[in-house]
Structure formats: C-alpha cells, structure tokens
Amino acid sequence: MAEGLTGADLTRRQWVFAFALVTSLFFTWGFAYGLLDVLNAHFQTIFGIGKTQSTLLQLAYFGAYLVYAPIASIFMEKYGYKKGIHMGLTLYSLGAIFFWPSAVFRSYGGFVGCTFVIGCGLSCLEVAANSYISVLGSPKYAAARLNFSQGFQGVASFAGPMIASKWFFQGKNATSLDTVQWVYLAVAGLGLVLNILFYFCKLPEITQDALAQEMHDVGMTNDDESFWKQYRCLFGWVAQTAYVGAQVAVASLAVNFLAEQNVGIDKPFASQLFSYCQITFTVGRFVGVVLLNWVDPALLLSIYAVACCAFSLGVAYGPGVSGVGCLFALFFFESICYPVIFTLATKNLGRHTKRGSGLIVMGVGGGAWFPPAAGHIADTNTTAHSYIVPFAGYVAMTIYAVGLTIDQTRKGGFRFRTIDEIEQKRAQMEQRRVGGSDSDLDKKGSQEYVESVPV
C-alpha cells in the first residue's frame, strides 16, 4: 500500500480548505504578471529605450521559469508541495523588495535582475500550485478545477494594469518611478503574509506514490516506463512553450498596438483598454470552467486553438477598430489554453507527476524569446504586423490539441463529453468481475443439474 494521500482521500472540509489556500497563490502571480506588461511600456518612456530592449523584463521573468522550474520540481519531489510553496514565496518577496533600491537609483538593469528573482519564485509556486490543484480530486474535472483557480490569476492580472493606468501614466507619474517602488513594497508584503499563513496552516500532502497506486489498481501502468517516454507530457512542453510565448508576445505589445491603431487611443486609455482585455480573458476562463465540466478538454482546446490562430491574424492585418476587436476576441480564446495544456500533459503521470509538472511550467520560458522577436518586428515594421509571431505559437498549440483528439479517437472512439479514465477502468473491472462471478455460478449450476439427472 502506497504511503500518502490522493485527492479522493480528503474529507470535503480538507478539500475545500486546501483548494482555497492554494488558489490564493494564483492571485499572487497574476498581480505580478499584470504589472509587468504595463511596466514594459512605462519603462520605454522613463529610460528612453526601444520596444525590443523593453522586452528584457519579459526575458528575465520568463527566462527564470526556464532555469528554475526543473529545480523546483526536484525540490518538491524530495520535500513536498508545502516546502516548495515556502521557497517560492520567499524568492517572490525578495525580488519585489529590491525593486525599491532599483527605483531609487533609476537602474533598469536592477529592475531586470529583480524581475528574474520574482520569476524564480513564481515558477516554484506554479509547479506546486498547478500540480496540486490538478491532482486534488477526480481527473475528470482537473481542467475545470485548474481553470477556476487560474481565473483568480486573471482577476489579479487586470487589477495590475488598472492600478498602472491610474498611477503610472498620470501627471508627474508619467516620468517618475516613485509609485513603482511603493507598489512593489506592497507586493513583497503580500508574499510575506502568505508565507506566514502557509507556515501555520496544515496542507494535506498528496504523494506521487499514492497517485501511482491509484492508477496501478485499475491496471494503468504507463508510469512504469521512464519519464522520457511520457510523450503526452514531452509534446505538452512544446505546446506550452509555444502558447505562453504567443500569449506573452500578445500582451507585452498590446498597449503599443492599441495606441497605434489611429482610432483616438492615447497611452493612458490604451492601458485602460488593456485592463478590459484582461477582464475579457478572465471572463473567458470562468466560461471555460462551465464548458470543461461537460466537454472533453482536448476537443475544447482544439477549438480554442484554431480561434486563436484566426484572431491573431485578424490583429496583424485588421485595420483600425476591427483589429482592436480581434485583440479582445484573442484574449477570450486564450483563456483556457494554459491550464488545459497543463492538465492534459500531466494527466495520469503517477510517479512522474511532479517532474512532469516542472517540465510543463518550464514551458513558460517560451515567454522569454517570443516578445523580443515580436518587438523587433514592431520596431522595424509595425506593432500590428508583429502579431504574426504569436500566430506561429498558436499553430504549434493547435497541432498538439488536434493530435491528442485524434489519438483519443483512435484508441477509444471520438468523445465529446469529458470522462474520468481511472473511474471508467474501475467500473469496467467491476463489471468483468461481476460478469465472471455470474458465469461461474451458471457453470456450477449447470454442472449440479447434470450430476442430478439419473443416467
């Protein structure tokens, strides 16, 4: 018998407490990410740098995921989810508090370095929180659960730009860093409070051994093979890298795109519209929660991925208001992509769950190299045409989603509804057992009848 717990072993009270506590982390990194995109445009004004150079913030933030997510997964394999969360929150607070001296000395390099430390902390939190929510209950609803939790990341993501549009670009703050240092001091305080809260709270530890045993009990032994043969996870990393790169490229230049559409939008209003884009993204994520309770995740991801491809082309080549409308539609259809890729890629990994989670979070590193490519096109051509870069990322995601849908259809027939594969196999085993018992009884009864008939 494997030691530890699975999500199914928790009482309702334990489940609600653990779910709420870990979901609070999503708000934490959503706020940091939301501020990042607006700081990108703000620093262009403060430091007199171009669009390509301003994307160094994205390079530092998302490059940290590429470097630190594997370290975080190894750490959590040995010490568990809770200690991983403590490590992530500590790095997050340290990076945020050093924004203060960077602002005092007006050091763009200092901001980039602090952003890297924050990214390391958040990559650790993402490995822990995304993985924990995914395994906290039935695999059938894993995508819906993670979309719901990540919906609060979306709430924080639009709160960040709204704060920025009010404080960073208004009056004397348009050329000042004073408000930046105060905001990040508050961010550091939030990280410290959460760290203390997690220290005093008991978080049930869901173990890989227990997850593996749950699979083995129904005859699913795919985790017996090495991690490097878990192809759903490996290709999921490629898809996540491409998607996150595309998402970050879209967001990092959104303010510039809106201001350059020649429809009467200035920088402060563009920042406000960007907040509305993030609201659209968040609404889309909660809509996705409802849909994923019924629709197969791979199928729904395929539909959304195709829509992302179409609307990114609309942003790149649609003039004026039509391009703005396509940008809003693109944010809506991006909404479910990250959590659904994560749950599809880490589903039924058993003893490889934490390592697989680290690999998929490492895919967030795609955000480090897509924005510079898009920024270069924006500097040399137009910001609108730079959206051809995210289009390439959406194509890769589409191939993964459609490929999974075809693979599922080939193995078990086309399915529109989402299912719990472990529960389905458990029911099939029970049916065979009952059927076998009935068959044995029939054979025994027939034998007794033959023996009772006189010859």
# chains A, B, ... in the order shown; residues from 1 in each chain; ligands from 1
>>> closest_atom_pairs(of="range 38-115 of chain A", to="range 180-185 of chain A", cutoff="6 Å", atoms="only C-alpha atoms", output="tab-separated table")
residue	atom	partner	partner_atom	distance
A:Ala96	CA	A:Tyr184	CA	5.3
A:Ile97	CA	A:Leu185	CA	5.5
A:Phe99	CA	A:Gln181	CA	5.9
A:Trp100	CA	A:Gln181	CA	4.7
>>> residues_around(residues="range 422-430 of chain A", least_positions_apart="2", cutoff="10 Å", atoms="only C-alpha atoms", output="number ranges by chain")
A: 138-140, 214-220, 348, 419-420, 432-436
>>> write_last_selection(atoms="N, CA, C and O atoms", output="compact mmCIF listing (two decimals), in the first residue's frame")
# COMPACT_ATOMS: atom_id res chain seq x y z
N SER A 138 -10.96 14.31 -8.76
CA SER A 138 -11.12 13.45 -9.95
C SER A 138 -10.40 14.05 -11.15
O SER A 138 -10.53 15.24 -11.44
N PRO A 139 -9.65 13.21 -11.91
CA PRO A 139 -9.02 13.69 -13.15
C PRO A 139 -10.04 14.21 -14.16
O PRO A 139 -9.70 15.04 -15.01
N LYS A 140 -11.29 13.75 -14.05
CA LYS A 140 -12.33 14.20 -14.98
C LYS A 140 -12.51 15.71 -14.93
O LYS A 140 -12.78 16.35 -15.96
N GLU A 214 -3.07 4.43 -7.20
CA GLU A 214 -4.44 4.59 -7.69
C GLU A 214 -4.55 4.16 -9.15
O GLU A 214 -5.53 3.52 -9.56
N MET A 215 -3.53 4.48 -9.95
CA MET A 215 -3.51 4.06 -11.35
C MET A 215 -3.29 2.56 -11.47
O MET A 215 -3.97 1.87 -12.23
N HIS A 216 -2.33 2.04 -10.73
CA HIS A 216 -1.98 0.62 -10.83
C HIS A 216 -3.13 -0.28 -10.42
O HIS A 216 -3.28 -1.40 -10.93
N ASP A 217 -3.95 0.19 -9.48
CA ASP A 217 -5.09 -0.60 -9.02
C ASP A 217 -6.10 -0.89 -10.13
O ASP A 217 -6.88 -1.84 -10.02
N VAL A 218 -6.10 -0.07 -11.17
CA VAL A 218 -7.04 -0.29 -12.28
C VAL A 218 -6.30 -0.73 -13.55
O VAL A 218 -6.84 -0.69 -14.65
N GLY A 219 -5.04 -1.14 -13.37
CA GLY A 219 -4.28 -1.69 -14.50
C GLY A 219 -3.60 -0.67 -15.39
O GLY A 219 -3.11 -1.02 -16.47
N MET A 220 -3.52 0.59 -14.96
CA MET A 220 -2.82 1.62 -15.75
C MET A 220 -1.38 1.70 -15.26
O MET A 220 -1.13 2.17 -14.15
N ASN A 348 -2.39 11.45 -15.42
CA ASN A 348 -2.02 10.05 -15.23
C ASN A 348 -0.51 9.81 -15.37
O ASN A 348 -0.07 8.82 -15.96
N ILE A 419 -14.42 12.54 -19.47
CA ILE A 419 -14.57 11.32 -18.68
C ILE A 419 -13.43 11.22 -17.67
O ILE A 419 -12.39 11.86 -17.81
N ASP A 420 -13.64 10.39 -16.64
CA ASP A 420 -12.61 10.03 -15.68
C ASP A 420 -12.10 8.65 -16.08
O ASP A 420 -12.78 7.65 -15.89
N ARG A 432 -16.46 -6.75 -15.19
CA ARG A 432 -15.89 -8.04 -15.57
C ARG A 432 -15.91 -9.00 -14.39
O ARG A 432 -16.15 -10.20 -14.54
N ARG A 433 -15.64 -8.48 -13.19
CA ARG A 433 -15.63 -9.32 -12.00
C ARG A 433 -17.01 -9.90 -11.73
O ARG A 433 -17.17 -11.09 -11.48
N VAL A 434 -18.03 -9.01 -11.80
CA VAL A 434 -19.41 -9.45 -11.58
C VAL A 434 -19.83 -10.42 -12.68
O VAL A 434 -20.45 -11.45 -12.42
N GLY A 435 -19.44 -10.09 -13.92
CA GLY A 435 -19.78 -10.98 -15.04
C GLY A 435 -19.12 -12.33 -14.90
O GLY A 435 -19.72 -13.37 -15.17
N GLY A 436 -17.86 -12.31 -14.41
CA GLY A 436 -17.14 -13.56 -14.20
C GLY A 436 -17.79 -14.38 -13.11
O GLY A 436 -17.91 -15.60 -13.21
>>> select_by_dssp(residues="range 59-243 of chain A", states="helix (DSSP H, G or I)", output="PyMOL selection string")
chain A and resi 59-79+81-97+99-104+108-135+139-167+171-175+178-200+208-216+222-224+227-229+231-243
>>> atom_distance(atom1="CA of Ala143 in chain A", atom2="CA of Phe342 in chain A")
8.2 Å
>>> closest_residue(among="A:Val287, A:Val22, A:Cys124, A:Ala144", to="Leu66 in chain A", atoms="only C-alpha atoms")
A:Cys124
>>> residues_around(residues="range 244-248 of chain A", least_positions_apart="6", cutoff="8 Å", atoms="only C-alpha atoms", output="PyMOL selection string")
chain A and resi 58+334+338+363-371+389-394
>>> closest_residue(among="A:Ile49, A:Cys201, A:Ala64, A:Leu94", to="Ser123 in chain A", atoms="only C-alpha atoms")
A:Ala64
>>> closest_residue(among="A:Ala60, A:Val361, A:Cys309, A:Val289", to="Trp237 in chain A", atoms="only C-alpha atoms")
A:Val361
>>> residues_around(residues="Phe17 in chain A", least_positions_apart="6", cutoff="10 Å", atoms="only C-alpha atoms", output="PyMOL selection string")
chain A and resi 11+23+201-204
>>> write_last_selection(atoms="N, CA, C and O atoms", output="PDB file, in the first residue's frame")
ATOM      1  N   THR A  11     -11.379  14.601   3.165  1.00  0.00           N
ATOM      2  CA  THR A  11     -12.762  14.930   3.504  1.00  0.00           C
ATOM      3  C   THR A  11     -13.153  16.203   2.746  1.00  0.00           C
ATOM      4  O   THR A  11     -12.288  16.932   2.241  1.00  0.00           O
ATOM      5  N   THR A  23      -5.371  28.208  -4.100  1.00  0.00           N
ATOM      6  CA  THR A  23      -5.902  29.131  -5.105  1.00  0.00           C
ATOM      7  C   THR A  23      -5.475  30.568  -4.827  1.00  0.00           C
ATOM      8  O   THR A  23      -5.310  31.371  -5.761  1.00  0.00           O
ATOM      9  N   CYS A 201      -0.661  26.845   8.581  1.00  0.00           N
ATOM     10  CA  CYS A 201      -1.783  26.034   8.094  1.00  0.00           C
ATOM     11  C   CYS A 201      -1.326  24.630   7.706  1.00  0.00           C
ATOM     12  O   CYS A 201      -0.246  24.454   7.136  1.00  0.00           O
ATOM     13  N   LYS A 202      -2.151  23.663   8.000  1.00  0.00           N
ATOM     14  CA  LYS A 202      -1.849  22.277   7.644  1.00  0.00           C
ATOM     15  C   LYS A 202      -2.364  22.000   6.237  1.00  0.00           C
ATOM     16  O   LYS A 202      -3.561  22.043   5.978  1.00  0.00           O
ATOM     17  N   LEU A 203      -1.435  21.726   5.330  1.00  0.00           N
ATOM     18  CA  LEU A 203      -1.785  21.448   3.940  1.00  0.00           C
ATOM     19  C   LEU A 203      -1.605  19.962   3.679  1.00  0.00           C
ATOM     20  O   LEU A 203      -0.492  19.437   3.782  1.00  0.00           O
ATOM     21  N   PRO A 204      -2.692  19.223   3.372  1.00  0.00           N
ATOM     22  CA  PRO A 204      -2.563  17.778   3.125  1.00  0.00           C
ATOM     23  C   PRO A 204      -1.578  17.506   1.987  1.00  0.00           C
ATOM     24  O   PRO A 204      -1.664  18.133   0.932  1.00  0.00           O
TER      25      PRO A 204
END
>>> closest_residue(among="A:Ile388, A:Leu359, A:Met397, A:Leu146", to="Tyr317 in chain A", atoms="only C-alpha atoms")
A:Ile388
>>> residues_around(residues="His352 in chain A", least_positions_apart="6", cutoff="9 Å", atoms="only C-alpha atoms", output="list in words")
Gln208, Ala212, Asp223, Ser226, Phe227, Gln230 and Thr346 of chain A
>>> closest_residue(among="A:Ala188, A:Leu292, A:Ala18, A:Ala210", to="Gly350 in chain A", atoms="only C-alpha atoms")
A:Ala210
>>> decode(residues="range 94-125 of chain A", atoms="N, CA, C and O atoms", output="PDB file, in the first residue's frame")
ATOM      1  N   LEU A  94      11.580  38.564  -1.908  1.00  0.00           N
ATOM      2  CA  LEU A  94      12.924  39.134  -2.024  1.00  0.00           C
ATOM      3  C   LEU A  94      13.072  39.938  -3.316  1.00  0.00           C
ATOM      4  O   LEU A  94      13.607  41.058  -3.315  1.00  0.00           O
ATOM      5  N   GLY A  95      12.604  39.370  -4.413  1.00  0.00           N
ATOM      6  CA  GLY A  95      12.693  40.075  -5.683  1.00  0.00           C
ATOM      7  C   GLY A  95      11.893  41.367  -5.675  1.00  0.00           C
ATOM      8  O   GLY A  95      12.344  42.399  -6.184  1.00  0.00           O
ATOM      9  N   ALA A  96      10.704  41.327  -5.066  1.00  0.00           N
ATOM     10  CA  ALA A  96       9.840  42.511  -5.042  1.00  0.00           C
ATOM     11  C   ALA A  96      10.429  43.624  -4.198  1.00  0.00           C
ATOM     12  O   ALA A  96      10.378  44.801  -4.572  1.00  0.00           O
ATOM     13  N   ILE A  97      11.025  43.289  -3.056  1.00  0.00           N
ATOM     14  CA  ILE A  97      11.510  44.340  -2.160  1.00  0.00           C
ATOM     15  C   ILE A  97      12.724  45.059  -2.740  1.00  0.00           C
ATOM     16  O   ILE A  97      12.968  46.241  -2.464  1.00  0.00           O
ATOM     17  N   PHE A  98      13.487  44.380  -3.605  1.00  0.00           N
ATOM     18  CA  PHE A  98      14.647  45.031  -4.214  1.00  0.00           C
ATOM     19  C   PHE A  98      14.272  45.916  -5.398  1.00  0.00           C
ATOM     20  O   PHE A  98      15.150  46.539  -6.010  1.00  0.00           O
ATOM     21  N   PHE A  99      12.965  45.983  -5.722  1.00  0.00           N
ATOM     22  CA  PHE A  99      12.513  46.997  -6.675  1.00  0.00           C
ATOM     23  C   PHE A  99      12.729  48.404  -6.091  1.00  0.00           C
ATOM     24  O   PHE A  99      12.905  49.371  -6.840  1.00  0.00           O
ATOM     25  N   TRP A 100      12.697  48.507  -4.754  1.00  0.00           N
ATOM     26  CA  TRP A 100      12.849  49.824  -4.115  1.00  0.00           C
ATOM     27  C   TRP A 100      14.209  50.464  -4.439  1.00  0.00           C
ATOM     28  O   TRP A 100      14.250  51.577  -4.979  1.00  0.00           O
ATOM     29  N   PRO A 101      15.348  49.811  -4.135  1.00  0.00           N
ATOM     30  CA  PRO A 101      16.626  50.441  -4.484  1.00  0.00           C
ATOM     31  C   PRO A 101      16.806  50.617  -5.991  1.00  0.00           C
ATOM     32  O   PRO A 101      17.461  51.571  -6.430  1.00  0.00           O
ATOM     33  N   SER A 102      16.223  49.722  -6.800  1.00  0.00           N
ATOM     34  CA  SER A 102      16.318  49.877  -8.250  1.00  0.00           C
ATOM     35  C   SER A 102      15.632  51.160  -8.701  1.00  0.00           C
ATOM     36  O   SER A 102      16.106  51.855  -9.605  1.00  0.00           O
ATOM     37  N   ALA A 103      14.504  51.485  -8.048  1.00  0.00           N
ATOM     38  CA  ALA A 103      13.789  52.722  -8.381  1.00  0.00           C
ATOM     39  C   ALA A 103      14.547  53.948  -7.881  1.00  0.00           C
ATOM     40  O   ALA A 103      14.627  54.966  -8.571  1.00  0.00           O
ATOM     41  N   VAL A 104      15.131  53.844  -6.689  1.00  0.00           N
ATOM     42  CA  VAL A 104      15.874  54.972  -6.124  1.00  0.00           C
ATOM     43  C   VAL A 104      17.056  55.344  -7.016  1.00  0.00           C
ATOM     44  O   VAL A 104      17.321  56.519  -7.288  1.00  0.00           O
ATOM     45  N   PHE A 105      17.778  54.311  -7.517  1.00  0.00           N
ATOM     46  CA  PHE A 105      18.966  54.557  -8.347  1.00  0.00           C
ATOM     47  C   PHE A 105      18.644  54.571  -9.849  1.00  0.00           C
ATOM     48  O   PHE A 105      19.561  54.649 -10.667  1.00  0.00           O
ATOM     49  N   ARG A 106      17.340  54.470 -10.183  1.00  0.00           N
ATOM     50  CA  ARG A 106      16.893  54.519 -11.582  1.00  0.00           C
ATOM     51  C   ARG A 106      17.713  53.552 -12.439  1.00  0.00           C
ATOM     52  O   ARG A 106      18.262  53.905 -13.490  1.00  0.00           O
ATOM     53  N   SER A 107      17.776  52.313 -11.978  1.00  0.00           N
ATOM     54  CA  SER A 107      18.570  51.284 -12.661  1.00  0.00           C
ATOM     55  C   SER A 107      17.663  50.306 -13.390  1.00  0.00           C
ATOM     56  O   SER A 107      16.977  49.490 -12.759  1.00  0.00           O
ATOM     57  N   TYR A 108      17.665  50.398 -14.717  1.00  0.00           N
ATOM     58  CA  TYR A 108      16.853  49.451 -15.495  1.00  0.00           C
ATOM     59  C   TYR A 108      17.384  48.029 -15.336  1.00  0.00           C
ATOM     60  O   TYR A 108      16.622  47.070 -15.234  1.00  0.00           O
ATOM     61  N   GLY A 109      18.741  47.900 -15.278  1.00  0.00           N
ATOM     62  CA  GLY A 109      19.333  46.582 -15.052  1.00  0.00           C
ATOM     63  C   GLY A 109      18.909  45.991 -13.719  1.00  0.00           C
ATOM     64  O   GLY A 109      18.696  44.782 -13.598  1.00  0.00           O
ATOM     65  N   GLY A 110      18.776  46.858 -12.695  1.00  0.00           N
ATOM     66  CA  GLY A 110      18.305  46.386 -11.394  1.00  0.00           C
ATOM     67  C   GLY A 110      16.890  45.844 -11.464  1.00  0.00           C
ATOM     68  O   GLY A 110      16.574  44.811 -10.870  1.00  0.00           O
ATOM     69  N   PHE A 111      16.025  46.540 -12.211  1.00  0.00           N
ATOM     70  CA  PHE A 111      14.652  46.061 -12.393  1.00  0.00           C
ATOM     71  C   PHE A 111      14.635  44.707 -13.095  1.00  0.00           C
ATOM     72  O   PHE A 111      13.869  43.815 -12.729  1.00  0.00           O
ATOM     73  N   VAL A 112      15.492  44.558 -14.083  1.00  0.00           N
ATOM     74  CA  VAL A 112      15.549  43.290 -14.824  1.00  0.00           C
ATOM     75  C   VAL A 112      16.009  42.160 -13.897  1.00  0.00           C
ATOM     76  O   VAL A 112      15.430  41.060 -13.899  1.00  0.00           O
ATOM     77  N   GLY A 113      17.037  42.431 -13.057  1.00  0.00           N
ATOM     78  CA  GLY A 113      17.524  41.419 -12.124  1.00  0.00           C
ATOM     79  C   GLY A 113      16.474  41.030 -11.095  1.00  0.00           C
ATOM     80  O   GLY A 113      16.284  39.843 -10.792  1.00  0.00           O
ATOM     81  N   CYS A 114      15.784  42.020 -10.543  1.00  0.00           N
ATOM     82  CA  CYS A 114      14.718  41.741  -9.559  1.00  0.00           C
ATOM     83  C   CYS A 114      13.582  40.945 -10.187  1.00  0.00           C
ATOM     84  O   CYS A 114      13.002  40.056  -9.550  1.00  0.00           O
ATOM     85  N   THR A 115      13.281  41.267 -11.428  1.00  0.00           N
ATOM     86  CA  THR A 115      12.221  40.544 -12.131  1.00  0.00           C
ATOM     87  C   THR A 115      12.597  39.079 -12.306  1.00  0.00           C
ATOM     88  O   THR A 115      11.746  38.186 -12.207  1.00  0.00           O
ATOM     89  N   PHE A 116      13.896  38.799 -12.532  1.00  0.00           N
ATOM     90  CA  PHE A 116      14.362  37.412 -12.647  1.00  0.00           C
ATOM     91  C   PHE A 116      14.144  36.657 -11.339  1.00  0.00           C
ATOM     92  O   PHE A 116      13.679  35.508 -11.340  1.00  0.00           O
ATOM     93  N   VAL A 117      14.465  37.291 -10.205  1.00  0.00           N
ATOM     94  CA  VAL A 117      14.276  36.642  -8.894  1.00  0.00           C
ATOM     95  C   VAL A 117      12.789  36.377  -8.640  1.00  0.00           C
ATOM     96  O   VAL A 117      12.405  35.300  -8.159  1.00  0.00           O
ATOM     97  N   ILE A 118      11.939  37.365  -8.962  1.00  0.00           N
ATOM     98  CA  ILE A 118      10.488  37.166  -8.822  1.00  0.00           C
ATOM     99  C   ILE A 118      10.040  36.003  -9.692  1.00  0.00           C
ATOM    100  O   ILE A 118       9.240  35.157  -9.266  1.00  0.00           O
ATOM    101  N   GLY A 119      10.560  35.930 -10.917  1.00  0.00           N
ATOM    102  CA  GLY A 119      10.204  34.836 -11.820  1.00  0.00           C
ATOM    103  C   GLY A 119      10.595  33.483 -11.268  1.00  0.00           C
ATOM    104  O   GLY A 119       9.852  32.501 -11.405  1.00  0.00           O
ATOM    105  N   CYS A 120      11.775  33.399 -10.612  1.00  0.00           N
ATOM    106  CA  CYS A 120      12.195  32.135  -9.982  1.00  0.00           C
ATOM    107  C   CYS A 120      11.198  31.718  -8.900  1.00  0.00           C
ATOM    108  O   CYS A 120      10.809  30.543  -8.794  1.00  0.00           O
ATOM    109  N   GLY A 121      10.792  32.706  -8.081  1.00  0.00           N
ATOM    110  CA  GLY A 121       9.820  32.400  -7.034  1.00  0.00           C
ATOM    111  C   GLY A 121       8.484  31.955  -7.590  1.00  0.00           C
ATOM    112  O   GLY A 121       7.882  30.983  -7.118  1.00  0.00           O
ATOM    113  N   LEU A 122       8.026  32.639  -8.625  1.00  0.00           N
ATOM    114  CA  LEU A 122       6.723  32.306  -9.196  1.00  0.00           C
ATOM    115  C   LEU A 122       6.750  30.980  -9.957  1.00  0.00           C
ATOM    116  O   LEU A 122       5.747  30.258  -9.988  1.00  0.00           O
ATOM    117  N   SER A 123       7.885  30.634 -10.563  1.00  0.00           N
ATOM    118  CA  SER A 123       7.978  29.334 -11.229  1.00  0.00           C
ATOM    119  C   SER A 123       7.831  28.208 -10.215  1.00  0.00           C
ATOM    120  O   SER A 123       7.193  27.181 -10.473  1.00  0.00           O
ATOM    121  N   CYS A 124       8.417  28.427  -9.033  1.00  0.00           N
ATOM    122  CA  CYS A 124       8.296  27.444  -7.951  1.00  0.00           C
ATOM    123  C   CYS A 124       6.843  27.328  -7.495  1.00  0.00           C
ATOM    124  O   CYS A 124       6.320  26.220  -7.296  1.00  0.00           O
ATOM    125  N   LEU A 125       6.171  28.469  -7.349  1.00  0.00           N
ATOM    126  CA  LEU A 125       4.761  28.459  -6.952  1.00  0.00           C
ATOM    127  C   LEU A 125       3.887  27.794  -8.012  1.00  0.00           C
ATOM    128  O   LEU A 125       2.929  27.086  -7.689  1.00  0.00           O
TER     129      LEU A 125
END
